[in-house]
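Pasting input-v8.pdb here (PDB, C-alpha atoms):
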ATOM      1  CA  MET A   1       0.000   0.000   0.000
ATOM      2  CA  ILE A   2       1.342   3.416  -0.990
ATOM      3  CA  THR A   3       1.321   5.948   1.854
ATOM      4  CA  GLY A   4       2.318   9.608   1.951
ATOM      5  CA  SER A   5       2.514  12.321  -0.689
ATOM      6  CA  ILE A   6       1.610  11.237  -4.212
ATOM      7  CA  VAL A   7       2.131  14.095  -6.644
ATOM      8  CA  ALA A   8      -0.596  14.659  -9.222
ATOM      9  CA  LEU A   9       2.107  15.423 -11.753
ATOM     10  CA  VAL A  10       1.755  18.049 -14.468
ATOM     11  CA  THR A  11       2.656  17.098 -18.033
ATOM     12  CA  PRO A  12       5.240  19.738 -18.993
ATOM     13  CA  MET A  13       4.869  21.163 -22.480
ATOM     14  CA  HIS A  14       6.710  23.451 -24.827
ATOM     15  CA  ALA A  15       5.065  26.746 -25.724
ATOM     16  CA  ASP A  16       3.609  25.107 -28.847
ATOM     17  CA  GLY A  17       1.946  22.362 -26.781
ATOM     18  CA  ARG A  18       4.352  19.487 -27.494
ATOM     19  CA  VAL A  19       5.198  17.297 -24.516
ATOM     20  CA  ASP A  20       8.537  18.383 -23.045
ATOM     21  CA  TRP A  21      10.224  15.064 -22.251
ATOM     22  CA  PRO A  22      13.462  16.475 -20.730
ATOM     23  CA  ALA A  23      11.406  18.708 -18.405
ATOM     24  CA  LEU A  24       9.316  15.696 -17.388
ATOM     25  CA  GLU A  25      12.492  13.871 -16.422
ATOM     26  CA  ARG A  26      13.714  16.852 -14.392
ATOM     27  CA  LEU A  27      10.441  16.926 -12.474
ATOM     28  CA  LEU A  28      10.641  13.199 -11.788
ATOM     29  CA  ASP A  29      14.172  13.584 -10.407
ATOM     30  CA  MET A  30      13.006  16.470  -8.225
ATOM     31  CA  HIS A  31      10.312  14.315  -6.656
ATOM     32  CA  VAL A  32      12.685  11.440  -5.997
ATOM     33  CA  GLU A  33      15.048  13.841  -4.212
ATOM     34  CA  ALA A  34      12.229  15.512  -2.235
ATOM     35  CA  GLY A  35      10.866  12.279  -0.799
ATOM     36  CA  THR A  36       7.588  12.182  -2.694
ATOM     37  CA  ALA A  37       6.032   8.764  -2.102
ATOM     38  CA  ALA A  38       4.751   8.123  -5.635
ATOM     39  CA  ILE A  39       4.116   9.718  -9.017
ATOM     40  CA  GLY A  40       0.565  10.200 -10.262
ATOM     41  CA  ALA A  41       0.930  10.417 -14.033
ATOM     42  CA  VAL A  42      -1.644  11.720 -16.535
ATOM     43  CA  GLY A  43      -4.466  12.573 -14.203
ATOM     44  CA  THR A  44      -6.491  15.778 -14.374
ATOM     45  CA  THR A  45      -3.402  17.809 -13.439
ATOM     46  CA  GLY A  46      -1.494  15.991 -16.187
ATOM     47  CA  GLU A  47      -3.998  17.260 -18.787
ATOM     48  CA  SER A  48      -5.356  13.818 -19.568
ATOM     49  CA  ALA A  49      -8.311  15.479 -21.273
ATOM     50  CA  THR A  50      -6.160  16.942 -24.061
ATOM     51  CA  LEU A  51      -3.412  14.364 -24.515
ATOM     52  CA  ASP A  52      -4.239  12.060 -27.380
ATOM     53  CA  VAL A  53      -4.381   8.296 -26.820
ATOM     54  CA  ASP A  54      -0.795   7.657 -27.907
ATOM     55  CA  GLU A  55       0.584  10.539 -25.828
ATOM     56  CA  HIS A  56      -1.378   9.384 -22.796
ATOM     57  CA  CYS A  57       0.214   5.949 -22.954
ATOM     58  CA  GLN A  58       3.650   7.355 -23.845
ATOM     59  CA  VAL A  59       3.768   9.677 -20.808
ATOM     60  CA  ILE A  60       2.899   6.806 -18.481
ATOM     61  CA  ALA A  61       5.488   4.530 -20.071
ATOM     62  CA  HIS A  62       8.134   7.281 -20.002
ATOM     63  CA  CYS A  63       7.554   7.902 -16.286
ATOM     64  CA  VAL A  64       7.812   4.193 -15.488
ATOM     65  CA  LYS A  65      10.974   3.731 -17.537
ATOM     66  CA  TYR A  66      12.707   6.852 -16.229
ATOM     67  CA  ILE A  67      11.782   6.298 -12.579
ATOM     68  CA  ALA A  68      13.146   2.749 -12.924
ATOM     69  CA  GLY A  69      11.745   1.553  -9.624
ATOM     70  CA  ARG A  70      12.881   4.535  -7.528
ATOM     71  CA  MET A  71       9.265   5.128  -6.507
ATOM     72  CA  PRO A  72       5.857   3.750  -7.533
ATOM     73  CA  VAL A  73       4.015   5.171 -10.533
ATOM     74  CA  VAL A  74       0.233   5.466 -10.366
ATOM     75  CA  ALA A  75      -1.159   5.870 -13.878
ATOM     76  CA  GLY A  76      -4.304   7.848 -14.607
ATOM     77  CA  THR A  77      -6.371   5.532 -16.800
ATOM     78  CA  GLY A  78      -9.965   6.610 -16.237
ATOM     79  CA  SER A  79     -12.484   7.520 -18.908
ATOM     80  CA  ASN A  80     -16.200   8.026 -19.378
ATOM     81  CA  SER A  81     -16.026   5.066 -21.762
ATOM     82  CA  THR A  82     -15.570   1.730 -20.010
ATOM     83  CA  ARG A  83     -13.859   0.281 -23.080
ATOM     84  CA  GLU A  84     -11.395   3.163 -23.213
ATOM     85  CA  ALA A  85     -10.698   2.892 -19.473
ATOM     86  CA  ILE A  86      -9.869  -0.787 -19.958
ATOM     87  CA  TYR A  87      -7.607   0.082 -22.901
ATOM     88  CA  PHE A  88      -5.655   2.686 -20.904
ATOM     89  CA  THR A  89      -5.435   0.407 -17.870
ATOM     90  CA  GLU A  90      -4.131  -2.464 -19.982
ATOM     91  CA  ALA A  91      -1.539  -0.142 -21.524
ATOM     92  CA  ALA A  92      -0.427   1.076 -18.087
ATOM     93  CA  ALA A  93      -0.111  -2.493 -16.819
ATOM     94  CA  ARG A  94       2.005  -3.450 -19.843
ATOM     95  CA  ALA A  95       4.223  -0.418 -19.264
ATOM     96  CA  GLY A  96       4.892  -1.549 -15.701
ATOM     97  CA  ALA A  97       2.840   0.952 -13.693
ATOM     98  CA  ASP A  98       2.395  -0.001 -10.054
ATOM     99  CA  ALA A  99      -1.272   1.013  -9.837
ATOM    100  CA  CYS A 100      -3.948   2.882 -11.777
ATOM    101  CA  LEU A 101      -6.211   5.784 -10.854
ATOM    102  CA  LEU A 102      -9.681   5.727 -12.423
ATOM    103  CA  VAL A 103     -11.906   8.773 -12.326
ATOM    104  CA  THR A 104     -15.675   8.457 -12.189
ATOM    105  CA  PRO A 105     -17.121   8.573 -15.733
ATOM    106  CA  TYR A 106     -17.667  12.257 -16.453
ATOM    107  CA  TYR A 107     -20.396  13.971 -18.459
ATOM    108  CA  ASN A 108     -22.577  10.903 -19.091
ATOM    109  CA  ARG A 109     -23.430  10.777 -15.340
ATOM    110  CA  PRO A 110     -24.080   7.064 -14.685
ATOM    111  CA  THR A 111     -26.196   5.799 -11.810
ATOM    112  CA  GLN A 112     -24.618   4.211  -8.741
ATOM    113  CA  GLY A 113     -25.331   0.862 -10.351
ATOM    114  CA  GLY A 114     -23.596   1.983 -13.521
ATOM    115  CA  LEU A 115     -20.595   3.208 -11.547
ATOM    116  CA  TYR A 116     -20.330  -0.148  -9.815
ATOM    117  CA  GLN A 117     -20.483  -2.072 -13.063
ATOM    118  CA  HIS A 118     -18.005   0.286 -14.771
ATOM    119  CA  PHE A 119     -15.295   0.013 -12.112
ATOM    120  CA  ARG A 120     -15.846  -3.691 -11.617
ATOM    121  CA  ALA A 121     -15.520  -4.297 -15.368
ATOM    122  CA  VAL A 122     -12.159  -2.528 -15.474
ATOM    123  CA  ALA A 123     -10.923  -4.337 -12.372
ATOM    124  CA  GLU A 124     -11.915  -7.724 -13.745
ATOM    125  CA  ALA A 125     -10.333  -6.976 -17.125
ATOM    126  CA  VAL A 126      -6.896  -5.876 -15.876
ATOM    127  CA  ASP A 127      -4.952  -7.421 -12.985
ATOM    128  CA  ILE A 128      -3.364  -4.318 -11.483
ATOM    129  CA  PRO A 129      -4.151  -2.437  -8.237
ATOM    130  CA  GLN A 130      -6.778   0.207  -8.936
ATOM    131  CA  ILE A 131      -7.693   3.363  -7.036
ATOM    132  CA  LEU A 132     -11.076   4.977  -7.617
ATOM    133  CA  TYR A 133     -11.188   8.752  -8.030
ATOM    134  CA  ASN A 134     -14.171  10.804  -6.895
ATOM    135  CA  VAL A 135     -14.153  14.455  -7.963
ATOM    136  CA  PRO A 136     -17.797  15.500  -8.440
ATOM    137  CA  GLY A 137     -16.882  19.160  -8.895
ATOM    138  CA  ARG A 138     -15.262  18.186 -12.198
ATOM    139  CA  THR A 139     -17.262  15.186 -13.341
ATOM    140  CA  ALA A 140     -20.853  15.979 -12.273
ATOM    141  CA  VAL A 141     -21.126  12.473 -10.801
ATOM    142  CA  ASP A 142     -20.540  11.466  -7.175
ATOM    143  CA  ILE A 143     -19.775   7.904  -6.142
ATOM    144  CA  SER A 144     -21.454   7.158  -2.813
ATOM    145  CA  ASN A 145     -19.747   5.580   0.178
ATOM    146  CA  ASP A 146     -22.085   2.611  -0.164
ATOM    147  CA  THR A 147     -20.955   2.036  -3.752
ATOM    148  CA  VAL A 148     -17.303   2.389  -2.733
ATOM    149  CA  LEU A 149     -17.869  -0.255  -0.055
ATOM    150  CA  ARG A 150     -19.281  -2.656  -2.630
ATOM    151  CA  LEU A 151     -16.326  -2.025  -4.929
ATOM    152  CA  ALA A 152     -13.829  -2.475  -2.081
ATOM    153  CA  GLU A 153     -14.830  -6.164  -2.109
ATOM    154  CA  VAL A 154     -13.330  -6.513  -5.612
ATOM    155  CA  ASP A 155      -9.818  -7.898  -5.099
ATOM    156  CA  ASN A 156      -7.744  -5.365  -7.036
ATOM    157  CA  ILE A 157      -9.739  -2.235  -6.140
ATOM    158  CA  VAL A 158      -7.506  -1.028  -3.339
ATOM    159  CA  GLY A 159      -8.427   2.566  -2.581
ATOM    160  CA  LEU A 160     -10.187   5.848  -3.301
ATOM    161  CA  LYS A 161      -8.940   9.344  -4.037
ATOM    162  CA  ASP A 162     -11.545  11.604  -2.433
ATOM    163  CA  ALA A 163     -11.515  15.145  -3.831
ATOM    164  CA  THR A 164     -14.801  16.210  -2.231
ATOM    165  CA  GLY A 165     -13.133  18.017   0.675
ATOM    166  CA  ASP A 166     -15.726  16.407   2.963
ATOM    167  CA  VAL A 167     -13.590  15.104   5.839
ATOM    168  CA  PRO A 168     -16.460  13.602   7.913
ATOM    169  CA  ARG A 169     -17.589  11.648   4.868
ATOM    170  CA  GLY A 170     -14.050  10.380   4.372
ATOM    171  CA  ALA A 171     -13.711   9.484   8.046
ATOM    172  CA  GLU A 172     -16.932   7.488   7.827
ATOM    173  CA  LEU A 173     -15.554   5.558   4.872
ATOM    174  CA  VAL A 174     -12.314   4.803   6.736
ATOM    175  CA  GLY A 175     -14.329   3.376   9.604
ATOM    176  CA  ARG A 176     -16.449   1.216   7.343
ATOM    177  CA  CYS A 177     -13.754  -0.044   4.955
ATOM    178  CA  GLY A 178     -11.004  -0.955   7.394
ATOM    179  CA  GLU A 179      -7.229  -0.914   7.028
ATOM    180  CA  ASP A 180      -6.983  -2.898   3.798
ATOM    181  CA  PHE A 181      -8.631  -0.132   1.741
ATOM    182  CA  ALA A 182      -6.629   3.086   1.274
ATOM    183  CA  LEU A 183      -8.340   6.471   1.335
ATOM    184  CA  TYR A 184      -6.315   9.320  -0.177
ATOM    185  CA  SER A 185      -7.117  13.007  -0.103
ATOM    186  CA  GLY A 186      -7.528  14.712  -3.454
ATOM    187  CA  ASP A 187      -8.105  18.126  -1.864
ATOM    188  CA  ASP A 188      -4.967  19.879  -0.626
ATOM    189  CA  PRO A 189      -6.673  22.279   1.836
ATOM    190  CA  THR A 190      -8.238  19.382   3.779
ATOM    191  CA  ALA A 191      -5.559  16.727   3.220
ATOM    192  CA  MET A 192      -4.061  16.991   6.695
ATOM    193  CA  GLU A 193      -7.414  16.486   8.400
ATOM    194  CA  LEU A 194      -8.329  13.510   6.231
ATOM    195  CA  ILE A 195      -4.998  11.796   6.927
ATOM    196  CA  LEU A 196      -5.365  12.436  10.664
ATOM    197  CA  ALA A 197      -8.815  10.840  10.371
ATOM    198  CA  GLY A 198      -7.297   7.656   8.942
ATOM    199  CA  GLY A 199      -6.404   8.463   5.343
ATOM    200  CA  LYS A 200      -3.227   7.017   3.884
ATOM    201  CA  GLY A 201      -1.917  10.109   2.118
ATOM    202  CA  SER A 202      -2.624  12.819  -0.404
ATOM    203  CA  ILE A 203      -2.687  12.824  -4.201
ATOM    204  CA  SER A 204      -1.605  16.411  -4.357
ATOM    205  CA  VAL A 205      -1.506  19.314  -6.807
ATOM    206  CA  THR A 206       0.503  21.443  -4.368
ATOM    207  CA  ALA A 207       3.227  18.772  -4.265
ATOM    208  CA  ASN A 208       4.227  19.850  -7.781
ATOM    209  CA  VAL A 209       5.729  23.071  -6.419
ATOM    210  CA  ALA A 210       6.253  22.188  -2.740
ATOM    211  CA  PRO A 211       7.191  18.503  -2.824
ATOM    212  CA  LEU A 212       9.333  18.481   0.321
ATOM    213  CA  LEU A 213       6.771  20.318   2.460
ATOM    214  CA  THR A 214       3.898  18.171   1.192
ATOM    215  CA  ALA A 215       5.872  15.001   1.925
ATOM    216  CA  GLN A 216       6.616  16.272   5.440
ATOM    217  CA  LEU A 217       2.981  17.218   6.015
ATOM    218  CA  CYS A 218       1.848  13.732   5.069
ATOM    219  CA  ARG A 219       4.517  12.097   7.193
ATOM    220  CA  PHE A 220       3.610  14.058  10.336
ATOM    221  CA  ALA A 221      -0.117  13.492   9.788
ATOM    222  CA  LEU A 222       0.414   9.752   9.270
ATOM    223  CA  GLN A 223       2.326   9.693  12.562
ATOM    224  CA  GLY A 224      -0.597  11.428  14.268
ATOM    225  CA  ASP A 225       1.548  14.481  15.056
ATOM    226  CA  ARG A 226      -1.078  17.181  14.631
ATOM    227  CA  GLU A 227       1.099  19.960  16.047
ATOM    228  CA  GLN A 228       3.906  19.529  13.533
ATOM    229  CA  ALA A 229       1.490  18.868  10.677
ATOM    230  CA  GLU A 230      -0.393  22.087  11.428
ATOM    231  CA  VAL A 231       2.807  24.135  11.238
ATOM    232  CA  ILE A 232       3.411  22.930   7.692
ATOM    233  CA  ASP A 233      -0.267  23.112   6.739
ATOM    234  CA  SER A 234      -0.383  26.783   7.706
ATOM    235  CA  ARG A 235       2.627  27.492   5.476
ATOM    236  CA  LEU A 236       0.975  25.723   2.563
ATOM    237  CA  ALA A 237      -2.511  27.227   3.048
ATOM    238  CA  PRO A 238      -1.995  30.310   0.821
ATOM    239  CA  LEU A 239      -0.459  28.117  -1.867
ATOM    240  CA  ASN A 240      -3.316  25.613  -1.706
ATOM    241  CA  GLU A 241      -5.680  28.509  -2.371
ATOM    242  CA  ALA A 242      -3.604  30.260  -5.030
ATOM    243  CA  LEU A 243      -3.181  27.113  -7.110
ATOM    244  CA  PHE A 244      -6.929  27.075  -7.754
ATOM    245  CA  LEU A 245      -7.428  30.726  -8.714
ATOM    246  CA  GLU A 246      -8.151  29.357 -12.186
ATOM    247  CA  ALA A 247      -8.914  25.827 -13.300
ATOM    248  CA  ASN A 248      -6.270  23.269 -12.396
ATOM    249  CA  PRO A 249      -3.598  22.882 -13.805
ATOM    250  CA  ILE A 250      -3.394  26.474 -15.068
ATOM    251  CA  PRO A 251      -1.963  28.028 -11.864
ATOM    252  CA  VAL A 252       0.356  25.164 -10.928
ATOM    253  CA  LYS A 253       1.895  25.049 -14.402
ATOM    254  CA  TRP A 254       2.492  28.799 -14.264
ATOM    255  CA  ALA A 255       4.027  28.417 -10.786
ATOM    256  CA  LEU A 256       6.451  25.808 -12.145
ATOM    257  CA  TYR A 257       7.207  28.145 -15.066
ATOM    258  CA  HIS A 258       7.832  31.016 -12.653
ATOM    259  CA  ARG A 259      10.309  28.814 -10.796
ATOM    260  CA  GLY A 260      12.113  28.015 -14.048
ATOM    261  CA  LEU A 261      11.224  24.327 -14.019
ATOM    262  CA  VAL A 262       9.064  24.160 -17.156
ATOM    263  CA  GLU A 263       8.148  26.245 -20.174
ATOM    264  CA  ASN A 264       4.860  28.130 -20.147
ATOM    265  CA  GLY A 265       3.083  25.473 -22.205
ATOM    266  CA  ILE A 266      -0.514  24.376 -21.790
ATOM    267  CA  ARG A 267      -3.100  23.089 -24.249
ATOM    268  CA  LEU A 268      -6.317  24.715 -25.360
ATOM    269  CA  PRO A 269      -9.011  25.105 -24.211
ATOM    270  CA  LEU A 270      -6.875  25.943 -21.156
ATOM    271  CA  THR A 271      -4.752  29.069 -21.430
ATOM    272  CA  PRO A 272      -1.797  30.383 -19.391
ATOM    273  CA  LEU A 273      -2.577  31.967 -16.035
ATOM    274  CA  HIS A 274      -4.004  35.473 -16.364
ATOM    275  CA  GLU A 275      -1.594  38.221 -15.416
ATOM    276  CA  SER A 276      -3.951  39.465 -12.694
ATOM    277  CA  CYS A 277      -3.291  36.242 -10.734
ATOM    278  CA  HIS A 278       0.501  36.237 -10.986
ATOM    279  CA  ALA A 279       1.203  38.288  -7.867
ATOM    280  CA  ARG A 280      -0.959  36.098  -5.648
ATOM    281  CA  VAL A 281       0.737  32.921  -6.834
ATOM    282  CA  VAL A 282       4.199  34.461  -6.331
ATOM    283  CA  ALA A 283       3.242  35.659  -2.844
ATOM    284  CA  ALA A 284       1.969  32.193  -1.948
ATOM    285  CA  LEU A 285       5.173  30.567  -3.190
ATOM    286  CA  GLU A 286       7.196  32.995  -1.095
ATOM    287  CA  ALA A 287       5.028  32.402   1.991
ATOM    288  CA  ALA A 288       5.647  28.664   1.661
ATOM    289  CA  GLY A 289       9.358  29.252   1.192
ATOM    290  CA  VAL A 290       9.511  27.634  -2.218
TER     291      VAL A 290
END

Encoded form (structure tokens):
Amino acid sequence: MITGSIVALVTPMHADGRVDWPALERLLDMHVEAGTAAIGAVGTTGESATLDVDEHCQVIAHCVKYIAGRMPVVAGTGSNSTREAIYFTEAAARAGADACLLVTPYYNRPTQGGLYQHFRAVAEAVDIPQILYNVPGRTAVDISNDTVLRLAEVDNIVGLKDATGDVPRGAELVGRCGEDFALYSGDDPTAMELILAGGKGSISVTANVAPLLTAQLCRFALQGDREQAEVIDSRLAPLNEALFLEANPIPVKWALYHRGLVENGIRLPLTPLHESCHARVVAALEAAGV
């Protein structure tokens, strides 16, 4: 079971939108050095919505090959098409990913029964650990705790990334699922509280620009050391807010650009961070000491 800070990694791009492979490798090295627990490749933050099928699979495979076992790689393989989700998950398994992250099917808004059948179909088709991903603010569909409990009985469904920000709901799920099912925060502002309530870590946007602090936050929270965790959480609070001034990953990619780690590349329909937001992101980076 992966525990700690899992970075929801950006996919760095050149100004013309091409994937920047050398920059990707530099980011991977940075996370190894910072103590990040695992790489989350090609999720929402990795612009999965605008990478084509080949690029999607290539980024996952490149991360696995370059990391070369230095840390686990969790591949984003979800889709609103069950067949496509199986295809991506099969490709990630062939590439050597350690686990897959599957978002709830967006836009077509399945019922709870449809969600159960979708995730079970993927799990039965591909023998790799799978983490469900609930982010109703993006997908317009919310997987219930009851449905998660049913899916937790499927052997290779091992956890849930909960981006609702609802800590009591997450705590309830921890109590009902037990230790063998991993609950991860997908909401940086409430990650500390969810881990203290029994979560196993955070799949974090903020970790892109503050990997060391996010890893430390998760470590203290996992140890039950609220006092130390709160010190770090307070440093990260302005950054957690600033990185969502516009739709993710617009602000975090600009923050990485500002730090000289990537080019200012992002794909339409997303556009670079508006100039009016720059000062707030810079101030938040400075407040965090990064």

For CA of Pro72 in chain A and CA of Asp98 in chain A, the interatomic separation in Å (one decimal):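 If I compute the distance from CA of Pro72 in chain A to CA of Asp98 in chain A, I get 5.7 Å.
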
Output of the PyMOL selection byres ((chain A and resi 60) around 8), listed as a ChimeraX atom specification: /A:41-42,56-59,61-64,75,92,95,97

Pick from A:Thr111, A:Ser234, A:Gln223, A:Thr11, whichever lies nearest to Lys253 in chain A using all atoms listed in the file: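 The closest residue to Lys253 in chain A is A:Thr11.
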
Using all atoms listed in the file, list the residues that have an atom at most 12 Å from (1.1, 28.2, -19.3), coordinates as in the file, as an mmCIF file with C-alpha atoms, in the frame of the given file.
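Contents of out.cif, as written:
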data_model
loop_
_atom_site.group_PDB
_atom_site.id
_atom_site.type_symbol
_atom_site.label_atom_id
_atom_site.label_comp_id
_atom_site.auth_asym_id
_atom_site.auth_seq_id
_atom_site.Cartn_x
_atom_site.Cartn_y
_atom_site.Cartn_z
ATOM 1 C CA VAL A 10 1.755 18.049 -14.468
ATOM 2 C CA THR A 11 2.656 17.098 -18.033
ATOM 3 C CA PRO A 12 5.240 19.738 -18.993
ATOM 4 C CA MET A 13 4.869 21.163 -22.480
ATOM 5 C CA HIS A 14 6.710 23.451 -24.827
ATOM 6 C CA ALA A 15 5.065 26.746 -25.724
ATOM 7 C CA ASP A 16 3.609 25.107 -28.847
ATOM 8 C CA GLY A 17 1.946 22.362 -26.781
ATOM 9 C CA GLU A 246 -8.151 29.357 -12.186
ATOM 10 C CA ALA A 247 -8.914 25.827 -13.300
ATOM 11 C CA ASN A 248 -6.270 23.269 -12.396
ATOM 12 C CA PRO A 249 -3.598 22.882 -13.805
ATOM 13 C CA ILE A 250 -3.394 26.474 -15.068
ATOM 14 C CA PRO A 251 -1.963 28.028 -11.864
ATOM 15 C CA VAL A 252 0.356 25.164 -10.928
ATOM 16 C CA LYS A 253 1.895 25.049 -14.402
ATOM 17 C CA TRP A 254 2.492 28.799 -14.264
ATOM 18 C CA ALA A 255 4.027 28.417 -10.786
ATOM 19 C CA LEU A 256 6.451 25.808 -12.145
ATOM 20 C CA TYR A 257 7.207 28.145 -15.066
ATOM 21 C CA HIS A 258 7.832 31.016 -12.653
ATOM 22 C CA VAL A 262 9.064 24.160 -17.156
ATOM 23 C CA GLU A 263 8.148 26.245 -20.174
ATOM 24 C CA ASN A 264 4.860 28.130 -20.147
ATOM 25 C CA GLY A 265 3.083 25.473 -22.205
ATOM 26 C CA ILE A 266 -0.514 24.376 -21.790
ATOM 27 C CA ARG A 267 -3.100 23.089 -24.249
ATOM 28 C CA LEU A 268 -6.317 24.715 -25.360
ATOM 29 C CA PRO A 269 -9.011 25.105 -24.211
ATOM 30 C CA LEU A 270 -6.875 25.943 -21.156
ATOM 31 C CA THR A 271 -4.752 29.069 -21.430
ATOM 32 C CA PRO A 272 -1.797 30.383 -19.391
ATOM 33 C CA LEU A 273 -2.577 31.967 -16.035
ATOM 34 C CA HIS A 274 -4.004 35.473 -16.364
ATOM 35 C CA GLU A 275 -1.594 38.221 -15.416
ATOM 36 C CA HIS A 278 0.501 36.237 -10.986
#

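Straight-line separation from CA of Pro211 in chain A to CA of Arg235 in chain A: 13.1 Å.
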
Output check: residues returned by the PyMOL selection byres ((chain A and resi 2) around 10), as a count of residues only: 17

Interface rows for range 54-123 of chain A against range 128-138 of chain A: nearest pair, Å to one decimal, 8 Å, all atoms listed in the file, as JSON lines:
{"residue": "A:Ala93", "atom": "CA", "partner": "A:Ile128", "partner_atom": "CA", "distance": 6.5}
{"residue": "A:Asp98", "atom": "CA", "partner": "A:Pro129", "partner_atom": "CA", "distance": 7.2}
{"residue": "A:Ala99", "atom": "CA", "partner": "A:Pro129", "partner_atom": "CA", "distance": 4.8}
{"residue": "A:Cys100", "atom": "CA", "partner": "A:Gln130", "partner_atom": "CA", "distance": 4.8}
{"residue": "A:Leu101", "atom": "CA", "partner": "A:Ile131", "partner_atom": "CA", "distance": 4.8}
{"residue": "A:Leu102", "atom": "CA", "partner": "A:Leu132", "partner_atom": "CA", "distance": 5.1}
{"residue": "A:Val103", "atom": "CA", "partner": "A:Tyr133", "partner_atom": "CA", "distance": 4.4}
{"residue": "A:Thr104", "atom": "CA", "partner": "A:Asn134", "partner_atom": "CA", "distance": 6.0}
{"residue": "A:Tyr106", "atom": "CA", "partner": "A:Arg138", "partner_atom": "CA", "distance": 7.7}
{"residue": "A:Phe119", "atom": "CA", "partner": "A:Leu132", "partner_atom": "CA", "distance": 7.9}
{"residue": "A:Ala123", "atom": "CA", "partner": "A:Gln130", "partner_atom": "CA", "distance": 7.0}

Atomic separation - CA of Glu25 in chain A relative to CA of Tyr66 in chain A, Å: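 Computing the Euclidean distance for CA of Tyr66 in chain A and CA of Glu25 in chain A yields 7.0 Å.
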
A:Arg70, A:Arg120, A:Arg226, A:His31 ranked by distance to Thr214 in chain A, top pick (using only C-alpha atoms):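 For Thr214 in chain A, the nearest of the candidates is A:His31.
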
Residues within 10 Å of (4.6, 23.9, -3.0), counting all atoms listed in the file, listed as a list in words: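 Within 10 Å of (4.6, 23.9, -3.0), the protein and nucleic acid residues are Ser204, Val205, Thr206, Ala207, Asn208, Val209, Ala210, Pro211, Leu212, Leu213, Thr214, Arg235, Leu236, Ala237, Pro238, Leu239, Asn240, Leu243, Val252, Ala255, Leu256, Ala284, Leu285, Glu286, Ala287, Ala288, Gly289 and Val290 of chain A.
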
Using only C-alpha atoms: which of A:Ala125, A:Ala221, A:Leu28, A:Leu173 has the shortest distance to Ile67 in chain A: A:Leu28

Expansion of the PyMOL selection byres ((chain A and resi 186) around 7) into residues, as a list of chain:residue names: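 On the file shown, the PyMOL selection byres ((chain A and resi 186) around 7) covers A:Lys161, A:Asp162, A:Ala163, A:Tyr184, A:Ser185, A:Asp187, A:Asp188, A:Ser202, A:Ile203, A:Ser204.
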
Close residues, Asn108 in chain A itself excluded, 10 Å, only C-alpha atoms, min 3 positions apart in chain, as a list in words: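 So the residues in contact are Asn80, Ser81, Pro105, Thr111, Thr139, Ala140 and Val141 of chain A.
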
Proximity to Pro189 in chain A - best of A:Ala171, A:Ile232, A:Val73, A:Ala121, all atoms listed in the file: A:Ile232

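Nearest-residue note for Glu227 in chain A: choosing from A:Asp142, A:Met192, A:Ala242, A:Thr36, the minimum distance belongs to A:Met192, counting only C-alpha atoms.
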
Proximity to Phe244 in chain A - best of A:Arg280, A:His118, A:Arg94, A:Arg259, only C-alpha atoms: A:Arg280

Range 13-25 of chain A, all listed atoms, 6 Å padding on each side: what axis-aligned box centre and edge lengths in Å to one decimal come out, as JSON?
{"center_x": 7.7, "center_y": 20.3, "center_z": -22.6, "size_x": 23.5, "size_y": 24.9, "size_z": 24.4}
